[in-house]
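File shown: run38.txt. Contents: compact mmCIF, C-alpha atoms.
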# COMPACT_ATOMS: atom_id res chain seq x y z
CA MET M 1 -23.30 -9.34 -35.55
CA SER M 2 -22.62 -12.95 -34.74
CA GLY M 3 -22.53 -16.08 -36.85
CA ASN M 4 -24.75 -15.74 -39.89
CA TRP M 5 -26.84 -12.89 -38.50
CA PHE M 6 -26.70 -9.64 -40.40
CA SER M 7 -25.45 -6.34 -38.95
CA GLU M 8 -27.89 -3.79 -37.51
CA SER M 9 -27.47 -1.44 -40.50
CA ARG M 10 -28.27 -4.21 -42.95
CA ASN M 11 -31.21 -5.34 -40.83
CA MET M 12 -32.60 -1.79 -40.80
CA GLU M 13 -32.50 -1.62 -44.58
CA LEU M 14 -33.96 -5.09 -45.05
CA SER M 15 -36.68 -4.53 -42.44
CA LEU M 16 -37.81 -1.36 -44.19
CA ILE M 17 -37.76 -3.06 -47.60
CA TYR M 18 -39.75 -6.02 -46.25
CA TYR M 19 -42.32 -3.74 -44.59
CA LEU M 20 -42.84 -1.47 -47.59
CA GLU M 21 -42.85 -4.40 -50.02
CA THR M 22 -45.63 -6.08 -48.00
CA GLU M 23 -47.69 -2.91 -47.63
CA ILE M 24 -47.32 -1.87 -51.28
CA GLU M 25 -48.22 -5.39 -52.49
CA LYS M 26 -51.38 -5.29 -50.35
CA ASN M 27 -52.54 -1.92 -51.68
CA TRP M 28 -51.02 -1.47 -55.15
CA THR M 29 -50.56 -3.55 -58.27
CA GLY M 30 -47.57 -3.65 -60.59
CA VAL M 31 -45.16 -1.73 -58.35
CA SER M 32 -41.64 -3.20 -58.25
CA ILE M 33 -39.36 -2.78 -55.24
CA THR M 34 -35.57 -2.65 -55.58
CA LYS M 35 -32.73 -1.87 -53.22
CA ASN M 36 -30.21 -0.90 -55.87
CA PHE M 37 -30.47 2.53 -57.49
CA THR M 38 -28.96 1.56 -60.85
CA LYS M 39 -31.05 -1.63 -61.01
CA SER M 40 -34.19 0.54 -60.74
CA TYR M 41 -33.48 1.74 -64.27
CA GLU M 42 -33.58 -1.82 -65.59
CA VAL M 43 -37.17 -2.33 -64.40
CA ASP M 44 -40.19 -0.64 -65.96
CA PRO M 45 -41.81 1.99 -63.72
CA PRO M 46 -43.52 2.23 -61.30
CA VAL M 47 -40.51 1.31 -59.17
CA VAL M 48 -39.73 2.07 -55.55
CA CYS M 49 -36.03 1.96 -54.65
CA ILE M 50 -35.15 1.75 -50.96
CA ASN M 51 -31.59 1.94 -49.70
CA LEU M 52 -29.55 2.86 -46.67
CA LEU M 53 -27.40 5.90 -47.38
CA SER M 54 -25.48 6.39 -44.16
CA ASP M 55 -25.32 5.68 -40.46
CA ASP M 56 -24.77 8.63 -38.11
CA VAL M 57 -22.89 7.18 -35.16
CA GLY M 58 -22.22 8.92 -31.88
CA ARG M 59 -21.62 7.95 -28.27
CA LYS M 60 -24.73 7.83 -26.09
CA GLU M 61 -22.84 9.60 -23.30
CA VAL M 62 -19.36 11.00 -22.95
CA GLY M 63 -17.03 8.11 -22.15
CA SER M 64 -19.68 5.49 -22.79
CA ASP M 65 -19.02 2.47 -24.98
CA SER M 66 -22.66 2.39 -26.09
CA LEU M 67 -23.25 3.92 -29.47
CA LYS M 68 -26.26 5.79 -30.78
CA HIS M 69 -27.08 5.04 -34.40
CA GLU M 70 -29.27 7.18 -36.64
CA TYR M 71 -29.84 5.63 -40.02
CA HIS M 72 -30.41 7.74 -43.12
CA LEU M 73 -32.57 5.93 -45.64
CA VAL M 74 -33.49 7.07 -49.12
CA ILE M 75 -36.68 6.07 -50.92
CA ASN M 76 -36.85 6.96 -54.60
CA VAL M 77 -40.21 6.64 -56.33
CA PHE M 78 -40.10 6.27 -60.12
CA ALA M 79 -43.71 6.67 -61.27
CA THR M 80 -45.45 6.61 -64.65
CA SER M 81 -47.37 9.85 -64.14
CA ASP M 82 -47.40 12.84 -61.85
CA GLY M 83 -50.63 11.67 -60.20
CA GLN M 84 -49.21 8.24 -59.47
CA ARG M 85 -46.04 9.84 -58.08
CA ILE M 86 -48.06 11.90 -55.59
CA ASP M 87 -50.35 9.01 -54.60
CA LEU M 88 -47.54 6.52 -54.17
CA SER M 89 -45.31 8.87 -52.19
CA ASP M 90 -48.24 9.90 -49.97
CA PHE M 91 -48.99 6.25 -49.35
CA ILE M 92 -45.36 5.55 -48.39
CA VAL M 93 -45.17 8.52 -46.01
CA ASN M 94 -48.45 7.52 -44.32
CA THR M 95 -47.29 3.92 -44.08
CA LEU M 96 -44.00 4.95 -42.50
CA LYS M 97 -45.33 7.34 -39.87
CA THR M 98 -45.93 4.58 -37.32
CA GLY M 99 -42.62 2.86 -38.00
CA CYS M 100 -42.30 -0.87 -38.55
CA VAL M 101 -41.10 -4.12 -37.02
CA TYR M 102 -37.31 -4.50 -36.87
CA TYR M 103 -36.18 -7.95 -37.94
CA ILE M 104 -32.86 -9.69 -37.46
CA HIS M 105 -32.08 -11.41 -40.74
CA SER M 106 -29.92 -14.39 -41.56
CA HIS M 107 -29.47 -16.71 -44.52
CA LYS M 108 -31.60 -19.83 -44.48
CA SER M 109 -29.37 -22.88 -44.11
CA GLY M 110 -28.57 -24.35 -47.51
CA SER M 111 -30.02 -21.39 -49.39
CA SER M 112 -28.12 -18.12 -49.72
CA GLY M 113 -31.02 -16.44 -51.56
CA GLU M 114 -33.68 -16.87 -48.89
CA LEU M 115 -33.73 -15.07 -45.57
CA ASN M 116 -34.82 -15.96 -42.06
CA ARG M 117 -36.48 -13.18 -40.08
CA VAL M 118 -36.78 -12.87 -36.32
CA ALA M 119 -38.63 -9.83 -34.91
CA ASP M 120 -36.51 -7.83 -32.45
CA GLY M 121 -38.20 -4.56 -31.53
CA ARG M 122 -39.26 -1.71 -33.75
CA MET M 123 -37.79 0.69 -36.22
CA ARG M 124 -38.88 4.24 -35.50
CA ILE M 125 -38.89 6.99 -38.11
CA VAL M 126 -37.64 10.05 -36.26
CA ASP M 127 -37.64 12.54 -39.10
CA PHE M 128 -38.80 13.03 -42.67
CA ILE M 129 -35.97 15.18 -43.95
CA ASN M 130 -37.18 15.39 -47.53
CA ASN M 131 -40.39 14.53 -49.36
CA SER M 132 -40.41 16.24 -52.72
CA LYS M 133 -40.56 15.89 -56.48
CA ILE M 134 -37.25 15.64 -58.29
CA GLU M 135 -36.90 17.88 -61.31
CA ILE M 136 -33.68 17.10 -63.12
CA GLY M 137 -34.39 18.82 -66.43
CA SER M 138 -37.05 19.36 -69.05
CA GLU M 139 -39.35 16.34 -69.38
CA LYS M 140 -38.72 15.65 -73.06
CA ASP M 141 -34.96 15.08 -72.59
CA LEU M 142 -35.31 12.79 -69.62
CA ASP M 143 -35.14 9.03 -69.26
CA ILE M 144 -38.60 7.54 -68.63
CA HIS M 145 -37.56 6.78 -65.04
CA ASP M 146 -36.56 10.36 -64.29
CA LYS M 147 -39.74 12.01 -65.64
CA TYR M 148 -41.91 11.46 -62.57
CA ARG M 149 -39.49 10.92 -59.73
CA HIS M 150 -40.03 11.57 -56.05
CA ASN M 151 -37.57 11.47 -53.18
CA ILE M 152 -38.32 10.61 -49.58
CA TYR M 153 -35.35 10.92 -47.22
CA ILE M 154 -35.90 9.63 -43.71
CA LYS M 155 -33.98 9.28 -40.49
CA ALA M 156 -34.67 6.13 -38.48
CA VAL M 157 -33.57 4.54 -35.21
CA LYS M 158 -33.97 1.10 -33.71
CA SER M 159 -36.04 1.05 -30.53
CA MET F 1 -36.76 26.40 -40.29
CA ALA F 2 -34.97 24.35 -42.93
CA ILE F 3 -37.56 24.84 -45.63
CA PRO F 4 -36.35 23.75 -49.05
CA GLY F 5 -36.97 26.88 -51.09
CA ARG F 6 -37.10 27.58 -54.80
CA HIS F 7 -34.20 29.98 -54.73
CA TYR F 8 -31.97 28.57 -52.03
CA VAL F 9 -31.58 24.88 -52.56
CA THR F 10 -30.06 23.86 -49.27
CA VAL F 11 -31.67 25.77 -46.49
CA LYS F 12 -33.92 28.76 -46.44
CA GLY F 13 -34.75 30.34 -43.15
CA SER F 14 -37.06 33.30 -42.85
CA PHE F 15 -37.53 34.53 -39.31
CA LYS F 16 -40.32 37.05 -39.49
CA ASP F 17 -42.19 35.47 -36.56
CA VAL F 18 -39.31 33.84 -34.74
CA VAL F 19 -37.18 36.94 -34.24
CA PRO F 20 -39.63 38.90 -32.00
CA ILE F 21 -40.28 35.72 -29.96
CA MET F 22 -36.57 35.13 -29.43
CA MET F 23 -36.08 38.74 -28.48
CA LYS F 24 -38.98 38.92 -26.01
CA LYS F 25 -39.07 35.46 -24.43
CA MET F 26 -35.35 34.86 -24.33
CA ASN F 27 -34.28 38.40 -23.65
CA MET F 28 -32.02 38.32 -26.71
CA THR F 29 -31.13 41.46 -28.61
CA ARG F 30 -31.53 41.68 -32.37
CA GLU F 31 -27.76 41.58 -32.67
CA ASP F 32 -27.62 38.33 -30.66
CA VAL F 33 -30.16 36.68 -32.93
CA SER F 34 -28.53 38.04 -36.05
CA SER F 35 -25.02 36.98 -35.10
CA ALA F 36 -26.15 33.51 -33.99
CA MET F 37 -28.08 32.95 -37.23
CA GLN F 38 -25.27 34.27 -39.37
CA SER F 39 -22.73 31.97 -37.78
CA LEU F 40 -25.12 29.01 -38.16
CA ALA F 41 -25.63 29.76 -41.86
CA ALA F 42 -21.87 30.10 -42.40
CA ASP F 43 -21.26 26.77 -40.61
CA CYS F 44 -23.99 25.11 -42.66
CA ALA F 45 -22.41 26.33 -45.92
CA GLU F 46 -19.02 25.04 -44.76
CA TYR F 47 -20.52 21.69 -43.76
CA THR F 48 -22.19 21.38 -47.21
CA ARG F 49 -18.92 22.20 -49.00
CA GLN F 50 -17.04 19.60 -46.96
CA TYR F 51 -19.78 17.01 -47.47
CA ILE F 52 -19.59 17.46 -51.26
CA GLU F 53 -15.79 17.26 -51.34
CA LYS F 54 -15.79 14.18 -49.09
CA ASN F 55 -18.26 12.36 -51.32
CA VAL F 56 -16.73 13.18 -54.72
CA LYS F 57 -16.53 9.91 -56.64
CA ARG F 58 -14.12 10.89 -59.41
CA ARG F 59 -10.92 12.80 -58.76
CA PRO F 60 -9.35 15.18 -59.58
CA ASN F 61 -12.50 17.26 -59.48
CA THR F 62 -12.85 20.96 -60.26
CA GLY F 63 -14.45 21.80 -56.91
CA ARG F 64 -16.88 24.04 -58.81
CA LEU F 65 -19.97 22.73 -57.06
CA SER F 66 -18.56 22.93 -53.53
CA ARG F 67 -17.13 26.42 -54.17
CA SER F 68 -20.53 27.62 -55.36
CA ILE F 69 -22.16 26.85 -51.98
CA ASP F 70 -22.27 30.05 -50.01
CA PHE F 71 -24.67 31.80 -47.69
CA THR F 72 -26.45 35.10 -47.97
CA SER F 73 -28.12 37.12 -45.27
CA SER F 74 -30.33 40.14 -45.03
CA ALA F 75 -31.75 41.69 -41.90
CA GLY F 76 -34.45 44.30 -41.53
CA TYR F 77 -36.06 45.77 -38.41
CA LYS F 78 -38.24 42.71 -37.64
CA HIS F 79 -37.14 40.38 -40.34
CA MET F 80 -34.02 38.34 -40.96
CA HIS F 81 -33.35 36.12 -43.90
CA TYR F 82 -30.61 33.54 -44.36
CA GLY F 83 -30.07 31.25 -47.30
CA VAL F 84 -27.49 28.59 -48.12
CA GLY F 85 -26.91 27.42 -51.69
CA ASP F 86 -28.07 30.03 -54.19
CA MET F 87 -29.38 28.19 -57.27
CA SER F 88 -28.33 30.97 -59.62
CA LYS F 89 -24.71 30.63 -58.49
CA MET F 90 -24.57 26.83 -58.57
CA PRO F 91 -23.52 24.88 -61.68
CA PRO F 92 -26.51 23.47 -63.60
CA TYR F 93 -25.60 19.85 -62.84
CA TRP F 94 -26.23 20.17 -59.07
CA ARG F 95 -29.58 18.36 -59.38
CA ILE F 96 -28.11 15.23 -60.93
CA ILE F 97 -25.25 15.21 -58.39
CA ASN F 98 -27.70 15.57 -55.52
CA TYR F 99 -30.49 13.22 -56.59
CA GLY F 100 -28.74 10.95 -59.09
CA GLY F 101 -30.24 9.71 -62.33
CA VAL F 102 -29.38 9.71 -66.01
CA VAL F 103 -27.71 12.75 -67.57
CA PRO F 104 -30.43 14.23 -69.79
CA ALA F 105 -28.90 14.79 -73.22
CA PRO F 106 -25.72 13.88 -75.13
CA THR F 107 -23.06 16.52 -74.51
CA ARG F 108 -19.89 17.54 -76.40
CA GLY F 109 -16.60 17.92 -74.60
CA TYR F 110 -13.25 16.32 -73.88
CA PHE F 111 -11.52 14.31 -71.14
CA LEU F 112 -8.66 15.55 -68.96
CA ASP F 113 -6.09 13.40 -67.22
CA SER F 114 -4.58 14.28 -63.82
CA SER F 115 -1.82 16.39 -65.44
CA GLY F 116 -4.34 18.46 -67.37
CA GLY F 117 -3.71 16.92 -70.80
CA ARG F 118 -6.54 15.90 -73.12
CA VAL F 119 -7.17 12.18 -73.42
CA LYS F 120 -8.85 10.35 -76.27
CA PRO F 121 -11.70 8.35 -74.79
CA SER F 122 -11.98 4.65 -75.44
CA PRO F 123 -15.45 3.56 -76.50
CA THR F 124 -14.89 0.06 -75.12
CA SER F 125 -13.26 0.53 -71.71
CA PRO F 126 -14.34 2.96 -69.03
CA GLY F 127 -11.73 5.58 -68.08
CA ASN F 128 -11.40 7.59 -64.90
CA GLN F 129 -10.72 10.97 -66.47
CA ARG F 130 -12.75 14.05 -65.82
CA PHE F 131 -15.11 15.25 -68.56
CA VAL F 132 -15.07 18.93 -69.49
CA GLU F 133 -17.98 20.33 -71.44
CA SER F 134 -16.99 22.21 -74.60
CA LYS F 135 -18.93 23.59 -77.52
CA ALA F 136 -15.92 23.27 -79.87
CA THR F 137 -16.38 20.52 -82.43
CA LYS F 138 -12.60 20.11 -83.03
CA SER F 139 -10.76 17.71 -80.69
CA SER F 140 -13.93 17.03 -78.74
CA TRP F 141 -16.24 14.06 -78.48
CA LYS F 142 -19.94 13.58 -78.05
CA LEU F 143 -20.61 11.93 -74.73
CA GLU F 144 -23.71 9.81 -74.39
CA PRO F 145 -23.71 8.67 -70.77
CA LYS F 146 -25.06 5.18 -70.25
CA ALA F 147 -24.19 4.68 -66.58
CA LYS F 148 -26.58 5.93 -63.95
CA ILE F 149 -25.28 8.41 -61.42
CA GLU F 150 -26.05 7.67 -57.78
CA GLY F 151 -27.22 10.63 -55.73
CA MET F 152 -25.02 12.37 -53.18
CA TYR F 153 -27.96 13.96 -51.26
CA PHE F 154 -25.90 16.89 -50.04
CA ILE F 155 -29.01 19.08 -49.72
CA GLN F 156 -30.72 16.58 -47.43
CA ALA F 157 -27.51 16.15 -45.42
CA ALA F 158 -27.34 19.93 -44.93
CA GLN F 159 -31.02 20.10 -43.94
CA ASN F 160 -30.44 17.37 -41.39
CA TRP F 161 -27.35 19.17 -40.08
CA MET F 162 -29.27 22.42 -39.73
CA LYS F 163 -32.24 20.79 -38.01
CA GLY F 164 -29.95 19.29 -35.40
CA ARG F 165 -28.28 22.60 -34.60
CA PHE F 166 -30.96 25.27 -34.72
CA HIS F 167 -32.65 24.56 -31.40
CA PRO F 168 -29.44 23.91 -29.41
CA MET F 169 -28.05 27.15 -30.85
CA VAL F 170 -31.10 29.14 -29.70
CA ARG F 171 -30.98 27.50 -26.26
CA ALA F 172 -27.25 28.22 -25.90
CA ALA F 173 -27.73 31.86 -26.93
CA ALA F 174 -30.57 32.24 -24.45
CA ARG F 175 -28.45 30.72 -21.63
CA ARG F 176 -25.64 33.16 -22.35
CA ARG F 177 -28.04 36.10 -21.90
CA LYS F 178 -29.19 34.96 -18.44

Can you turn what I pasted into structure tokens?
Amino acid sequence: MSGNWFSESRNMELSLIYYLETEIEKNWTGVSITKNFTKSYEVDPPVVCINLLSDDVGRKEVGSDSLKHEYHLVINVFATSDGQRIDLSDFIVNTLKTGCVYYIHSHKSGSSGELNRVADGRMRIVDFINNSKIEIGSEKDLDIHDKYRHNIYIKAVKS
Amino acid sequence: MAIPGRHYVTVKGSFKDVVPIMMKKMNMTREDVSSAMQSLAADCAEYTRQYIEKNVKRRPNTGRLSRSIDFTSSAGYKHMHYGVGDMSKMPPYWRIINYGGVVPAPTRGYFLDSSGGRVKPSPTSPGNQRFVESKATKSSWKLEPKAKIEGMYFIQAAQNWMKGRFHPMVRAAARRRK
């Protein structure tokens, strides 16, 4: 990270959000995208929450100063019905299978809210660790957001 | 491998087809396969317990969830079965800890401070005491959680751990036999 450029972890998260936001906007209507789990509950469903959970770091070779990063990203789908949950999660998985463009982000000068993006390779999804419905309890007791929830847990690398 | 099952929440491995292949192609005995799988399941359970304890957000915690993660194994003539995280032995709140969300219904109970004494909760300021569920109506309060709980994803972490170790483990066992 140098100057105003964001770190690789942050760029991974933002690149995935940007890609899914664009693809969902093109194909769906009324779906909100957030990157904060608790904020997802303040928006009416359907909501897709994307965030970086952890970064698995290891050395590329013994004694090497180069590091190998594997990013664990969580995508929570809060749908309005079971059908929508399945369709939306299927769409996301199919959209992710080819990976997406990795962007280096920075703040636009004079505006901290807007971001500059410069393409710098690709983000590859190496594994779909989880893709399943979340059943927290009986439907009648649950918050509207938790009734039709789906979790997609992926592992990604920058290439 | 690493199939999320209905009974075993973390990892369920059933090796009906894999065992004969490992035995024939890799010249491994049933005991080799069994011992390698058993040690992998035990390591996975230990990893899951440590992951939970490392990611606990509010301390002191009871450790009930991490203690409940164990592995079971059963081996027949051509079939071996290993499971980590038996749902029936885990506390009912494992889902909300793993995936996050809003606690379903208001619950009665009381708060404990670090020395084990009961604390009267303040409705205006958030405390950091641990909540203990209790059915007693005397000296207990009804808790209506408003804050959302962020998921720990310990099941997914364990699945990822297992995926990364299964094939190297088989390869290492096969090398030892040669």

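One finds atom CA of Ser15 of chain M at 10.7 Å from atom CA of Ile50 of chain M.
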
Report as an MDAnalysis selection string the set of chain F residues whose atoms approach chain M to within 10 Å, with distances computed over all atoms listed in the file. chainID F and resid 2:4 92:106 147:153 155:160 163

Do a neighbour search on segment 99-116 of chain M at 7 Å with all atoms listed in the file, toss out local chain neighbours closer than 4 positions, and write the hits as a count of residues only. 13

Students should find that atom CA of Ala79 of chain M and atom CA of Val31 of chain M are spaced 9.0 Å

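Distances here use only C-alpha atoms; by that measure, the residue among F:Lys146, F:Arg59, F:His167, F:Arg49 closest to Val84 of chain F is F:Arg49.
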
Which of these residues is nearest to Thr34 of chain M, using only C-alpha atoms: M:Ala156, M:Val118, M:Val47, M:Val93? M:Val47

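Straight-line separation from atom CA of Trp161 of chain F to atom CA of Thr48 of chain F: 9.1 Å.
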
Using all atoms listed in the file, collect all residues at a distance of at most 6 Å from (-28.2, 32.7, -45.4) as written in the file, then present them as a VMD selection string. chain F and resid 41 71 to 73 82 to 84

Find the spatial neighbours of segment 118-120 of chain F, counting only C-alpha atoms, within a cut-off of 10 Å - ignore same-chain residues fewer than 6 positions away - and output them as a PyMOL selection string. chain F and resi 110-112+127+129-132+139-141

What residues have an atom no more than 6 Å from (-18.5, 17.1, -75.5) in the file's own frame, counting all atoms listed in the file, and can you write them as a count of residues only? 10

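The environment of Gly83 of chain M within 12 Å, counting all atoms listed in the file and disregarding residues fewer than 3 places along the same chain, consists of Pro46, Phe78, Ala79, Thr80, Ile86, Asp87, Leu88, Ser89, Asp90, Lys133, Tyr148, Arg149 and His150 of chain M.
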